[in-house]
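Listing of start_19.csv, CSV, C-alpha atoms (C1' of nucleotides)
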chain,number,residue,atom,x,y,z
A,1,MET,CA,103.4,63.7,23.1
A,2,LYS,CA,103.8,62.3,26.6
A,3,ALA,CA,107.2,61.6,28.3
A,4,TYR,CA,106.8,58.2,29.8
A,5,LYS,CA,109.3,57.0,32.4
A,6,SER,CA,109.1,53.5,31.0
A,7,PHE,CA,107.0,51.4,28.6
A,8,CYS,CA,106.2,48.6,31.1
A,9,PRO,CA,102.5,47.5,31.2
A,10,GLN,CA,102.2,48.3,34.9
A,11,TYR,CA,103.7,51.8,34.6
A,12,LEU,CA,101.5,52.6,31.6
A,13,ALA,CA,98.4,51.5,33.5
A,14,LEU,CA,99.3,53.4,36.6
A,15,ASP,CA,100.0,56.4,34.6
A,16,VAL,CA,96.2,56.5,33.8
A,17,ILE,CA,94.5,55.0,36.9
A,18,GLY,CA,97.3,55.2,39.5
A,19,ASP,CA,95.6,57.7,41.8
A,20,LYS,CA,93.0,57.8,44.5
A,21,TRP,CA,90.0,59.1,42.5
A,22,SER,CA,89.9,58.0,38.9
A,23,LEU,CA,88.7,54.5,39.5
A,24,LEU,CA,86.1,55.7,42.0
A,25,ILE,CA,84.6,58.0,39.3
A,26,ILE,CA,84.6,55.1,36.9
A,27,ARG,CA,83.1,52.8,39.5
A,28,ASP,CA,80.2,55.3,39.9
A,29,MET,CA,79.7,55.3,36.2
A,30,MET,CA,79.7,51.5,35.9
A,31,LEU,CA,77.9,50.4,39.0
A,32,GLU,CA,75.7,53.3,39.9
A,33,GLY,CA,74.8,54.6,36.5
A,34,LYS,CA,76.0,58.1,37.2
A,35,LYS,CA,76.6,60.5,34.3
A,36,TYR,CA,76.4,64.1,35.6
A,37,PHE,CA,79.0,66.2,37.4
A,38,ARG,CA,76.7,66.7,40.4
A,39,GLU,CA,76.1,63.0,40.6
A,40,PHE,CA,79.8,62.3,40.9
A,41,LEU,CA,80.1,65.1,43.4
A,42,ALA,CA,77.7,63.2,45.7
A,43,SER,CA,79.9,60.1,46.0
A,44,LYS,CA,80.4,58.3,49.3
A,45,GLU,CA,83.9,59.6,49.5
A,46,SER,CA,82.9,63.3,48.8
A,47,ILE,CA,85.2,64.5,46.1
A,48,ALA,CA,85.9,68.2,45.8
A,49,THR,CA,84.7,70.1,42.8
A,50,ASN,CA,88.1,71.2,41.5
A,51,ILE,CA,89.5,67.6,41.8
A,52,LEU,CA,86.5,66.1,40.1
A,53,SER,CA,86.9,68.7,37.3
A,54,ASN,CA,90.6,67.8,37.0
A,55,ARG,CA,90.0,64.1,36.9
A,56,LEU,CA,87.2,64.3,34.4
A,57,LYS,CA,89.5,66.3,32.1
A,58,ALA,CA,92.4,63.9,32.6
A,59,LEU,CA,90.1,60.9,31.9
A,60,GLU,CA,88.8,62.6,28.8
A,61,ALA,CA,92.3,63.3,27.6
A,62,GLU,CA,93.2,59.6,28.0
A,63,GLU,CA,90.0,58.7,26.1
A,64,ILE,CA,88.6,56.7,29.1
A,65,ILE,CA,85.5,58.9,29.0
A,66,TYR,CA,83.9,61.4,26.7
A,67,LYS,CA,81.3,64.0,27.1
A,68,LYS,CA,78.4,65.4,25.2
A,69,PRO,CA,75.7,67.9,25.8
A,70,ASP,CA,72.5,66.7,27.4
A,71,PRO,CA,69.7,66.8,24.8
A,72,ASP,CA,67.0,67.7,27.4
A,73,HIS,CA,68.9,70.3,29.3
A,74,LYS,CA,71.1,72.9,27.7
A,75,GLN,CA,73.4,73.3,30.7
A,76,LYS,CA,73.9,69.7,31.6
A,77,ILE,CA,76.8,67.6,30.3
A,78,VAL,CA,76.6,63.8,30.0
A,79,TYR,CA,79.8,61.9,30.8
A,80,LEU,CA,80.0,58.5,29.2
A,81,LEU,CA,82.6,55.7,29.1
A,82,THR,CA,84.5,54.8,25.9
A,83,GLU,CA,85.4,51.2,25.1
A,84,LYS,CA,88.8,51.8,26.6
A,85,GLY,CA,87.1,52.9,29.8
A,86,ILE,CA,84.7,49.9,29.9
A,87,ASP,CA,87.6,47.6,29.5
A,88,LEU,CA,88.8,48.8,33.0
A,89,PHE,CA,85.9,46.8,34.5
A,90,PRO,CA,88.0,43.6,35.0
A,91,ILE,CA,90.6,45.6,36.9
A,92,ILE,CA,87.8,47.0,39.1
A,93,MET,CA,86.5,43.5,39.8
A,94,GLU,CA,89.9,42.2,40.7
A,95,ASN,CA,90.3,45.1,43.1
A,96,ALA,CA,87.0,44.2,44.6
A,97,ARG,CA,87.9,40.5,44.9
A,98,TRP,CA,91.1,41.4,46.8
A,99,SER,CA,89.3,43.9,49.1
A,100,LEU,CA,86.6,41.3,49.9
A,101,LYS,CA,89.4,39.0,51.0
A,102,TYR,CA,91.5,41.4,53.0
A,103,GLN,CA,89.8,44.7,53.7
A,104,PRO,CA,86.8,45.7,56.0
A,105,VAL,CA,84.3,46.0,53.2
A,106,ASP,CA,80.8,47.2,54.0
A,107,GLN,CA,78.4,44.2,54.0
A,108,ASN,CA,76.0,45.6,51.4
A,109,ASP,CA,78.8,46.5,49.1
A,110,ALA,CA,80.3,43.1,49.7
A,111,LYS,CA,77.1,41.3,48.7
A,112,GLU,CA,76.8,43.3,45.5
A,113,ALA,CA,80.4,42.6,44.5
A,114,GLN,CA,80.3,39.0,45.5
A,115,ALA,CA,77.2,38.4,43.3
A,116,ILE,CA,79.1,39.6,40.3
A,117,LEU,CA,82.2,37.6,41.1
A,118,ASP,CA,80.1,34.5,41.7
A,119,GLY,CA,78.8,34.8,38.2
A,120,GLY,CA,82.4,34.3,36.9
A,121,PRO,CA,84.0,35.7,33.7
A,122,MET,CA,80.7,35.4,31.8
A,123,LYS,CA,78.9,37.6,34.3
A,124,ILE,CA,81.6,40.2,34.0
A,125,GLN,CA,81.5,40.0,30.2
A,126,SER,CA,77.7,40.5,30.1
A,127,ILE,CA,78.0,43.6,32.3
A,128,MET,CA,80.6,45.0,30.0
A,129,GLU,CA,78.3,44.4,27.0
A,130,TYR,CA,75.5,46.1,28.8
A,131,LEU,CA,77.7,49.1,29.5
A,132,LYS,CA,78.7,49.2,25.8
A,133,ARG,CA,75.1,49.4,24.8
A,134,ILE,CA,74.4,52.3,27.1
A,135,HIS,CA,77.7,54.3,26.8
A,136,LEU,CA,78.8,53.8,23.2
A,137,ASP,CA,76.9,55.7,20.5
A,138,ASN,CA,76.5,53.5,17.5
B,1,MET,CA,92.8,52.6,63.7
B,2,LYS,CA,92.5,54.1,60.3
B,3,ALA,CA,89.8,56.7,59.3
B,4,TYR,CA,88.4,55.4,56.0
B,5,LYS,CA,86.3,57.7,53.9
B,6,SER,CA,84.1,54.7,52.9
B,7,PHE,CA,84.0,50.9,53.1
B,8,CYS,CA,83.6,50.3,49.4
B,9,PRO,CA,85.8,47.6,47.8
B,10,GLN,CA,87.3,50.1,45.3
B,11,TYR,CA,88.1,52.7,47.8
B,12,LEU,CA,89.7,50.2,50.2
B,13,ALA,CA,91.9,48.8,47.4
B,14,LEU,CA,92.9,52.2,46.2
B,15,ASP,CA,93.8,53.2,49.8
B,16,VAL,CA,96.6,50.6,49.6
B,17,ILE,CA,97.7,50.5,45.9
B,18,GLY,CA,96.2,53.8,44.6
B,19,ASP,CA,99.5,55.5,44.0
B,20,LYS,CA,102.2,55.6,41.3
B,21,TRP,CA,104.8,53.5,43.0
B,22,SER,CA,103.5,50.6,45.1
B,23,LEU,CA,102.5,48.3,42.3
B,24,LEU,CA,105.8,48.9,40.5
B,25,ILE,CA,107.7,47.7,43.6
B,26,ILE,CA,105.5,44.7,43.9
B,27,ARG,CA,105.9,44.0,40.1
B,28,ASP,CA,109.7,44.0,40.6
B,29,MET,CA,109.3,41.5,43.5
B,30,MET,CA,107.0,39.2,41.5
B,31,LEU,CA,108.3,39.4,38.0
B,32,GLU,CA,112.0,40.2,38.5
B,33,GLY,CA,112.7,38.5,41.8
B,34,LYS,CA,114.0,41.6,43.5
B,35,LYS,CA,114.3,41.6,47.3
B,36,TYR,CA,116.9,44.2,48.3
B,37,PHE,CA,116.5,48.0,48.7
B,38,ARG,CA,119.2,48.7,46.1
B,39,GLU,CA,117.6,46.4,43.6
B,40,PHE,CA,114.3,48.3,43.8
B,41,LEU,CA,116.2,51.5,43.5
B,42,ALA,CA,117.5,50.3,40.2
B,43,SER,CA,114.0,50.0,38.6
B,44,LYS,CA,113.3,51.2,35.1
B,45,GLU,CA,111.4,54.2,36.4
B,46,SER,CA,114.2,55.2,38.8
B,47,ILE,CA,112.5,55.7,42.2
B,48,ALA,CA,114.1,58.1,44.7
B,49,THR,CA,115.5,56.6,47.9
B,50,ASN,CA,113.2,58.5,50.3
B,51,ILE,CA,110.1,57.6,48.3
B,52,LEU,CA,111.2,53.9,48.1
B,53,SER,CA,111.8,54.0,51.9
B,54,ASN,CA,108.3,55.5,52.5
B,55,ARG,CA,106.5,53.0,50.2
B,56,LEU,CA,108.3,50.0,51.7
B,57,LYS,CA,107.2,51.2,55.2
B,58,ALA,CA,103.6,51.7,54.0
B,59,LEU,CA,103.5,48.3,52.3
B,60,GLU,CA,104.8,46.7,55.4
B,61,ALA,CA,102.3,48.5,57.6
B,62,GLU,CA,99.5,47.2,55.3
B,63,GLU,CA,101.0,43.7,55.6
B,64,ILE,CA,101.6,43.5,51.8
B,65,ILE,CA,105.3,42.8,52.4
B,66,TYR,CA,107.5,41.9,55.4
B,67,LYS,CA,111.2,42.2,56.0
B,68,LYS,CA,113.8,40.1,57.6
B,69,PRO,CA,117.6,40.3,58.0
B,70,ASP,CA,119.7,38.6,55.4
B,71,PRO,CA,121.3,35.5,56.9
B,72,ASP,CA,124.4,35.8,54.7
B,73,HIS,CA,125.0,39.6,55.2
B,74,LYS,CA,124.5,41.4,58.4
B,75,GLN,CA,123.6,44.7,56.8
B,76,LYS,CA,121.3,43.5,54.1
B,77,ILE,CA,117.5,43.4,54.6
B,78,VAL,CA,115.4,41.0,52.6
B,79,TYR,CA,111.9,42.3,51.5
B,80,LEU,CA,109.4,39.5,50.9
B,81,LEU,CA,105.7,39.3,49.9
B,82,THR,CA,102.9,38.2,52.3
B,83,GLU,CA,100.0,36.1,51.0
B,84,LYS,CA,98.0,39.4,50.9
B,85,GLY,CA,100.7,40.8,48.7
B,86,ILE,CA,100.9,37.8,46.4
B,87,ASP,CA,97.1,38.0,46.0
B,88,LEU,CA,97.6,41.3,44.2
B,89,PHE,CA,99.0,39.4,41.2
B,90,PRO,CA,95.6,39.1,39.4
B,91,ILE,CA,95.2,42.8,39.6
B,92,ILE,CA,98.7,43.3,38.1
B,93,MET,CA,97.8,40.9,35.3
B,94,GLU,CA,94.5,42.7,34.5
B,95,ASN,CA,96.4,46.0,34.4
B,96,ALA,CA,98.8,44.4,32.0
B,97,ARG,CA,96.0,43.0,29.8
B,98,TRP,CA,94.5,46.5,29.6
B,99,SER,CA,97.8,48.2,28.8
B,100,LEU,CA,98.6,45.6,26.1
B,101,LYS,CA,95.3,46.5,24.4
B,102,TYR,CA,95.5,50.3,24.7
B,103,GLN,CA,99.0,51.6,25.7
B,104,PRO,CA,102.3,51.7,23.9
B,105,VAL,CA,103.9,48.8,25.7
B,106,ASP,CA,107.5,47.9,25.0
B,107,GLN,CA,107.7,44.8,22.7
B,108,ASN,CA,109.8,42.7,25.1
B,109,ASP,CA,107.6,43.5,28.1
B,110,ALA,CA,104.5,42.8,25.9
B,111,LYS,CA,105.8,39.3,24.9
B,112,GLU,CA,106.5,38.4,28.5
B,113,ALA,CA,103.1,39.6,29.7
B,114,GLN,CA,101.2,38.0,26.8
B,115,ALA,CA,102.9,34.7,27.5
B,116,ILE,CA,101.4,34.7,31.0
B,117,LEU,CA,98.0,35.9,29.9
B,118,ASP,CA,97.9,33.2,27.1
B,119,GLY,CA,98.3,30.6,29.9
B,120,GLY,CA,95.0,31.6,31.3
B,121,PRO,CA,93.9,31.5,35.0
B,122,MET,CA,95.8,28.3,35.6
B,123,LYS,CA,99.1,29.9,34.6
B,124,ILE,CA,98.4,32.9,36.9
B,125,GLN,CA,97.6,30.5,39.7
B,126,SER,CA,100.7,28.5,39.2
B,127,ILE,CA,102.9,31.6,39.3
B,128,MET,CA,101.2,32.6,42.6
B,129,GLU,CA,101.9,29.2,44.1
B,130,TYR,CA,105.5,29.6,43.0
B,131,LEU,CA,105.7,33.0,44.7
B,132,LYS,CA,104.2,31.5,47.9
B,133,ARG,CA,106.9,28.9,48.0
B,134,ILE,CA,109.6,31.5,47.7
B,135,HIS,CA,108.2,34.3,49.8
B,136,LEU,CA,106.2,32.7,52.6
B,137,ASP,CA,108.3,31.1,55.4
B,138,ASN,CA,106.8,27.8,56.4
C,1,DA,C1',58.5,88.7,35.9
C,2,DA,C1',61.4,88.1,39.8
C,3,DA,C1',63.6,85.1,43.0
C,4,DA,C1',65.6,80.9,44.1
C,5,DA,C1',67.8,76.8,43.0
C,6,DC,C1',70.8,74.3,40.0
C,7,DC,C1',74.5,73.6,36.2
C,8,DG,C1',79.6,72.7,35.5
C,9,DA,C1',83.0,74.7,36.7
C,10,DT,C1',87.2,78.4,38.5
C,11,DT,C1',90.0,80.8,41.9
C,12,DG,C1',92.8,81.5,46.1
C,13,DC,C1',95.0,79.4,49.7
C,14,DA,C1',96.6,75.6,52.9
C,15,DA,C1',98.4,71.1,53.4
C,16,DA,C1',100.3,66.9,51.9
C,17,DA,C1',102.7,64.0,48.7
C,18,DT,C1',106.4,63.6,45.4
C,19,DA,C1',111.1,64.7,43.4
C,20,DC,C1',116.0,65.7,43.7
C,21,DA,C1',120.5,65.9,45.7
C,22,DA,C1',123.5,65.5,49.3
C,23,DC,C1',124.9,63.0,53.0
C,24,DC,C1',125.4,59.3,56.9
C,25,DA,C1',126.9,55.4,60.0
C,26,DG,C1',127.7,50.7,59.8
C,27,DT,C1',129.4,46.5,56.9
C,28,DT,C1',131.8,44.3,53.5
C,29,DT,C1',135.2,44.0,49.9
C,30,DT,C1',139.4,45.2,47.8
D,1,DA,C1',143.6,51.0,55.5
D,2,DA,C1',140.9,52.5,51.7
D,3,DA,C1',137.2,52.0,48.8
D,4,DA,C1',132.7,50.5,47.8
D,5,DC,C1',128.3,49.1,49.3
D,6,DT,C1',124.3,48.6,52.8
D,7,DG,C1',119.6,50.7,54.0
D,8,DG,C1',118.4,54.6,54.8
D,9,DT,C1',117.7,60.3,56.6
D,10,DT,C1',117.7,65.3,55.9
D,11,DG,C1',116.8,69.5,53.6
D,12,DT,C1',114.6,71.9,50.0
D,13,DA,C1',111.8,72.6,45.8
D,14,DT,C1',108.0,71.3,43.1
D,15,DT,C1',103.7,69.2,42.2
D,16,DT,C1',99.5,67.3,43.6
D,17,DT,C1',95.5,67.2,46.5
D,18,DG,C1',92.0,69.3,49.7
D,19,DC,C1',88.9,73.0,51.3
D,20,DA,C1',86.0,77.0,50.9
D,21,DA,C1',84.1,80.5,48.4
D,22,DT,C1',82.5,82.2,44.2
D,23,DC,C1',80.9,82.6,39.2
D,24,DG,C1',78.1,83.3,34.9
D,25,DG,C1',74.6,81.0,32.7
D,26,DT,C1',70.2,77.9,32.9
D,27,DT,C1',66.2,76.1,34.8
D,28,DT,C1',62.6,75.9,38.2
D,29,DT,C1',59.7,77.9,41.5
D,30,DT,C1',57.0,81.6,43.4
For this file, produce the structure as structure tokens.
Amino acid sequence: MKAYKSFCPQYLALDVIGDKWSLLIIRDMMLEGKKYFREFLASKESIATNILSNRLKALEAEEIIYKKPDPDHKQKIVYLLTEKGIDLFPIIMENARWSLKYQPVDQNDAKEAQAILDGGPMKIQSIMEYLKRIHLDN
Amino acid sequence: MKAYKSFCPQYLALDVIGDKWSLLIIRDMMLEGKKYFREFLASKESIATNILSNRLKALEAEEIIYKKPDPDHKQKIVYLLTEKGIDLFPIIMENARWSLKYQPVDQNDAKEAQAILDGGPMKIQSIMEYLKRIHLDN
DNA sequence: AAAAACCGATTGCAAAATACAACCAGTTTT
DNA sequence: AAAACTGGTTGTATTTTGCAATCGGTTTTT
């Protein structure tokens, strides 16, 4: 059992995603289709192997992601999102909306994000349903 | 000038709010009307004075908040939100929505958050306009 | 079959962020 | 005049993050 400092919604969310790396890994899973350790390692922000390893373990412990062996490659491990993880997508998009308004976002990234936001809530929902089809094993 | 690792929307948002404390301070400003150092200090999660001091400085440097002397008390300092800060409210509400679904949120906090979420985007917008009237000096 | 490259990591060490407790000078209240 | 309150700072300990090298096992290339 975990010793929470409070049971406020904000605190309980930050307890899981309140760090510099977790949402970037989830971003790569959602928006770039990454699923292997080495793919995450090659992110724009160049995460270190030990930190990536730690974050993946923490996200797995929180049931944001889960892993399974790659059927085609005995050594590879496939990292996939749970429903709890996929439901972080609206947070990611609100982060993006805020950054587009106030931060020096790269123009290509901005166009991609703006395209989703222009689609409104329905666009976000359809992306989440797409992610569920790919990540959840039914 | 700041040395960013990337110019991705997620990274640029996490650069500002990707820590355990910043959003909790902003939550207290938005939802509990706190504006003094000692009020933030008395948060549910009991932040330390030096960390609070650091976070307030960082948030001020990012122009999320600003401060001004209290007109009625020479020693007091009033901390207020900028528009950039008030625009973080949708992120806070998406965090809350996610926590309500997946985390062991306190029942009273849950009711308060749920009431806002049930009001839909218009409710969120009206709270933001209320915050603008209180925090922005026009 | 041997060598090289690739797989998800772990280990050791340095640096930075966070946490705790004590304290401080100036201001206001008692 | 004393006590309590204001927004902090300082020192120290612990935890988290960052960097570089390395590892045993697997797959691919030669």
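All C-alpha atoms of chain B, paired in order with those of chain A and fitted by least squares, deviate by an RMSD of 0.1 Å.
Residues of chain D having any atom within 12 Å of chain B, counting all atoms listed in the file, are DC5, DT6, DG7, DG8, DT9, DT10 and DT16 of chain D.
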Item to check | Interface list for chain C, partner chain A, 9 Å threshold, all atoms listed in the file, as a ChimeraX atom specification | outcome: /C:7-10
Output C-alpha atoms (C1' of nucleotides) of each residue in that selection to a file, as a PDB file, in the frame of the given file.
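The result, written out as part.pdb:
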ATOM      1  C1'  DC C   7      74.500  73.600  36.200  1.00  0.00           C
ATOM      2  C1'  DG C   8      79.600  72.700  35.500  1.00  0.00           C
ATOM      3  C1'  DA C   9      83.000  74.700  36.700  1.00  0.00           C
ATOM      4  C1'  DT C  10      87.200  78.400  38.500  1.00  0.00           C
TER       5       DT C  10
END
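Taking atom CA of Ile86 of chain A and atom CA of Asp19 of chain B as the two end points, the separation is 21.2 Å.
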Item to check | Separation of atom CA of Thr82 of chain A from atom CA of Lys132 of chain A, in Å and rounded to one decimal | outcome: 8.1 Å
Checklist outcome for this item: Using all atoms listed in the file, the residue out of A:Met122, A:Leu80, A:Ala115, A:Leu14 with shortest distance to chain B is A:Leu14
Next on the checklist: Should the cut-off be 6 Å, what would the residue list for chain A against chain B look like, counting only C-alpha atoms, as a PyMOL selection string?
Outcome noted: chain A and resi 5-10+13-14+18-20+45+91+94-96+99+105-106
